[in-house]
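Contents: one structure, followed by commentary.
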Amino acid sequence: MTLFPGERPEYPKEKTDGERMEIRLHRGERMTTASCLYHNGSQAFFGRAAVRNELLTDSIHTDSLCQQILKLAIYRAVLRSGRKKPVWGALTGVRPGKLMSPMLESGIPEKEALRRFETEYDVSHERALLCLDTSRATVLADRQLQAKDVCLYIGIPFCPTRCAYCSFVSQSVEKSMKQIPAFLEALERELRAVAEQVRKAGLRVVSIYMGGGTPTTLNEVQLGRLLSVIETLFDLSRLRECTVEAGRPDTITPEKLRTLRKHGVDRVSVNPQTMSDAVLEAIGRKHTAEDIVEALRQVREVGGFAVNMDLIAGLPTDTEESFRKTVDTVLALAPENITIHTLSIKRGARLHFGEGTLPSDEAVETMLNYANARLREAGYSPYYLYRQKNMSGGFENIGWTRQGYENLYNICIMEELCSILAAGAGGSTKLIRRDGGRNDRLVAPKYPTEYIDSIARICEEKEKIGAFYQNLPTENTITEGGETDGIQTGRHQL
C-alpha cells in the first residue's frame, strides 16, 4: 500500500501474466530468508532480506521478524524497478519512535542509533533526525513515569460544525444540542466506573486530556460541572497537567476560559488548521483567521494557559505560499506548542474534492520542509511524532514545543508509555504492559446516541481495568535491551 498508493493486492490461485509478485519465506539452518520477485512487463526485479534464526525466540518475535523481512524483500524488489522511494523508506508503522527509542534506552550512542535507523530502514537523514529528536523526549518522559501512572482521556464528540476532513466528530451542536445533557449524564456514570477501578488498582492520574470534537462546545456551566465531577472522583495530587481542546475559536469565550482556569486546566488548544480565510471556507469552518487571533487574545488575557495551535499541510485549495503565510503568522503569535499535521483522508470524513483541489505530494513536502525549518529557527523542538494511513505523500504529524512545554499526554499516547483510561463517546482505553505482555483495549461507541444507550455495558466493561492490573507483575519494567511491538532491539542484525 505504501509502494502502490490506492491499489489493493490480489491473490489469485493460479499464476497470472502481467504485473505480479512471487514471495517466498525459507528457514535454513542458520538464517530465515524472505525473497520477492517482482514482475513488471517483460522485466523482473529481485529483493531479499534475512534474519538469524537465533532471534526467532518465540511465536511473537518469529511473526514480527518474518513480517519485517518480507516487507524488506518486497521494498527492495520494487525500488529496483524504479519506483519512487517513500519518504519514510521501508517503515510502514505509525510510530517510528518505537524503533528508535529502545536503542537510546539501551545505551546505544545517538550517532550509532541514527546510523542504524537510516541504514536498516532506508529512512532519509532528515526524517531520521526528526525521529531522534522525538525519541529523546520519549526517553526523558519514560524515566519520569512510575509503574502505576496513567493518563485520563475524556472525549466530547460535539462541534459547532463538522470540518470536511474530520472523522472524529459525529455530531454538530446545531443538530444535536438536545443530546448534550443526556450525554453528560452518561459520561458522569462512566467516569465513576473508571474512578472505582483507579482506586482499586492504586493507579495515579498524572495527566488529563479532554478532547473531541471540541469540548468548549459545552457552555461554561456544563464545563464547570464536568470538571467538578472529575475533581471529586479522582485523586489529582499527582496530576502534572490538564489539557482541554478549545480548538474552534467560535467556541471560546472569556467565561469558559475562566471556568477552565478555576478548575486547574493549564493547557488549551486554539487550532486554526490554516490562517487563510479561503481555505477555512473550503474545509467547512464558519470562522475567519481574525477570529483565531481574537480567541488567542482572550486566552492570553485570562492567563495561566500553555497554548497549542494545530496546522494541517495539504488542505484543499491551500498553496505553498498561503501555507508559508500561515506558518509565519502562527509563529508571530508565539504559542507554546505547534503541531504540524499532514492531511489524512479518513473513511469517516466527508472530504471529496475535484481533481487538482488538493495540493500535490510535492507541494505538501515543500510545505512541511518550510514549517520544519522555520520552527527550528524559532526555537521549537519536535517532541512527538506519528504517522497515519492515507496521509498526503506518506509524511507525518509532528508536535513541536518550546523548551519546558512538552505535553506529557501526547508523548504517552503516541509512544505507549503508560495506560490511557478513556471515558466518553469514541473513547479508547488502552491498557499498556511494559513487560512484553499483551496490551488490551476497550473502545466506546463513537456516536452519542449509541454511547448513551450502551452506557450500562460500557461501565461494566471498565472492570477489565482492575483485572488487567491484577495480572501485572509487581515490578512494571522492561527487560534489558528493550522490546517494542514484539521486535527485539537486536533487529539491527537483519
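Chain labels A, B, ... are given in the sequence in which chains occur in the C-alpha cells; within each chain residues are numbered consecutively from 1, and ligands are likewise numbered from 1 in the order shown.
Summary of the local environment: counting only C-alpha atoms, residues at most 7 Å from Ile156 in chain A, other than itself and those fewer than 2 positions away along its chain, are Ile154, Phe158, Gly211, Gly212, Gly213, Thr214, Pro215, Gly424 and Ala425 of chain A.
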Only C-alpha atoms, please: the residues just picked out, written as a PDB file, in the first residue's frame.
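Result written to selection34.pdb:
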ATOM      1  CA  ILE A 154     -12.384  12.435  28.203  1.00  0.00           C
ATOM      2  CA  PHE A 158     -19.580  17.692  19.607  1.00  0.00           C
ATOM      3  CA  GLY A 211     -10.627  16.151  23.518  1.00  0.00           C
ATOM      4  CA  GLY A 212     -13.245  15.512  20.931  1.00  0.00           C
ATOM      5  CA  GLY A 213     -14.773  17.022  18.983  1.00  0.00           C
ATOM      6  CA  THR A 214     -14.443  20.359  20.677  1.00  0.00           C
ATOM      7  CA  PRO A 215     -15.046  20.237  24.457  1.00  0.00           C
ATOM      8  CA  GLY A 424     -16.774   9.446  26.584  1.00  0.00           C
ATOM      9  CA  ALA A 425     -18.061   8.670  23.098  1.00  0.00           C
TER      10      ALA A 425
END
Which of range 45-136 of chain A fall in strand (DSSP E), as a list of chain:residue names: A:Phe45, A:Phe46, A:Gly47, A:Arg48, A:Ala49, A:Ala50, A:Val51, A:Arg52
For the residues in the current selection, export C-alpha atoms as a short mmCIF file (atom, residue, chain, number, x, y, z; two decimals), in the first residue's frame.
data_model
loop_
_atom_site.label_atom_id
_atom_site.label_comp_id
_atom_site.auth_asym_id
_atom_site.auth_seq_id
_atom_site.Cartn_x
_atom_site.Cartn_y
_atom_site.Cartn_z
CA PHE A 45 13.32 -7.38 -10.12
CA PHE A 46 14.61 -9.28 -7.09
CA GLY A 47 14.69 -8.33 -3.42
CA ARG A 48 15.91 -10.28 -0.40
CA ALA A 49 16.17 -9.93 3.38
CA ALA A 50 17.14 -12.34 6.14
CA VAL A 51 17.20 -12.74 9.91
CA ARG A 52 19.29 -15.04 12.12
#
Considering only C-alpha atoms, return as a PyMOL selection string whatever protein or nucleic-acid residues lie within 8 Å of Ala128 in chain A, sequence-local ones (same chain, fewer than 3 positions apart) excluded. chain A and resi 114+117-118+123-125+131-132
File dump, residues just selected, N, CA and C atoms, as a PDB file, in the first residue's frame:
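Result went into out03.pdb, see below:
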ATOM      1  N   LEU A 114      21.239   6.622  15.059  1.00  0.00           N
ATOM      2  CA  LEU A 114      20.831   7.305  13.835  1.00  0.00           C
ATOM      3  C   LEU A 114      21.304   6.536  12.606  1.00  0.00           C
ATOM      4  N   PHE A 117      19.248   3.349  12.149  1.00  0.00           N
ATOM      5  CA  PHE A 117      17.886   3.676  11.727  1.00  0.00           C
ATOM      6  C   PHE A 117      17.848   3.992  10.237  1.00  0.00           C
ATOM      7  N   GLU A 118      18.790   4.794   9.780  1.00  0.00           N
ATOM      8  CA  GLU A 118      18.837   5.174   8.370  1.00  0.00           C
ATOM      9  C   GLU A 118      19.196   3.986   7.491  1.00  0.00           C
ATOM     10  N   VAL A 123      15.607   5.113   5.744  1.00  0.00           N
ATOM     11  CA  VAL A 123      14.947   6.385   6.050  1.00  0.00           C
ATOM     12  C   VAL A 123      15.899   7.530   5.720  1.00  0.00           C
ATOM     13  N   SER A 124      15.345   8.636   5.203  1.00  0.00           N
ATOM     14  CA  SER A 124      16.177   9.788   4.884  1.00  0.00           C
ATOM     15  C   SER A 124      16.786  10.367   6.152  1.00  0.00           C
ATOM     16  N   HIS A 125      17.897  11.056   6.012  1.00  0.00           N
ATOM     17  CA  HIS A 125      18.572  11.647   7.163  1.00  0.00           C
ATOM     18  C   HIS A 125      17.664  12.654   7.860  1.00  0.00           C
ATOM     19  N   CYS A 131      12.947  11.785  14.086  1.00  0.00           N
ATOM     20  CA  CYS A 131      12.648  10.664  14.972  1.00  0.00           C
ATOM     21  C   CYS A 131      13.589  10.648  16.171  1.00  0.00           C
ATOM     22  N   LEU A 132      14.848  11.004  15.956  1.00  0.00           N
ATOM     23  CA  LEU A 132      15.809  11.057  17.059  1.00  0.00           C
ATOM     24  C   LEU A 132      15.395  12.116  18.077  1.00  0.00           C
TER      25      LEU A 132
END
Report as a tab-separated table the residues of range 388-452 of chain A within 10 Å of range 140-145 of chain A, each with its shortest atom pair and distance in Å (one decimal), using only C-alpha atoms, ordered by chain and increasing residue number.
residue	atom	partner	partner_atom	distance
A:Glu406	CA	A:Ala141	CA	9.3
A:Asn407	CA	A:Ala141	CA	9.8
A:Leu408	CA	A:Ala141	CA	7.1
A:Tyr409	CA	A:Ala141	CA	9.9
A:Ile411	CA	A:Ala141	CA	7.5
A:Cys412	CA	A:Ala141	CA	8.0
A:Glu415	CA	A:Asp142	CA	9.4
A:Glu416	CA	A:Asp142	CA	9.8
A:Leu417	CA	A:Asp142	CA	6.4
A:Cys418	CA	A:Leu145	CA	8.1
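Closest approach to Glu365 in chain A among A:Leu99, A:Val87, A:Ile465, A:Ala34: A:Val87, based on only C-alpha atoms.
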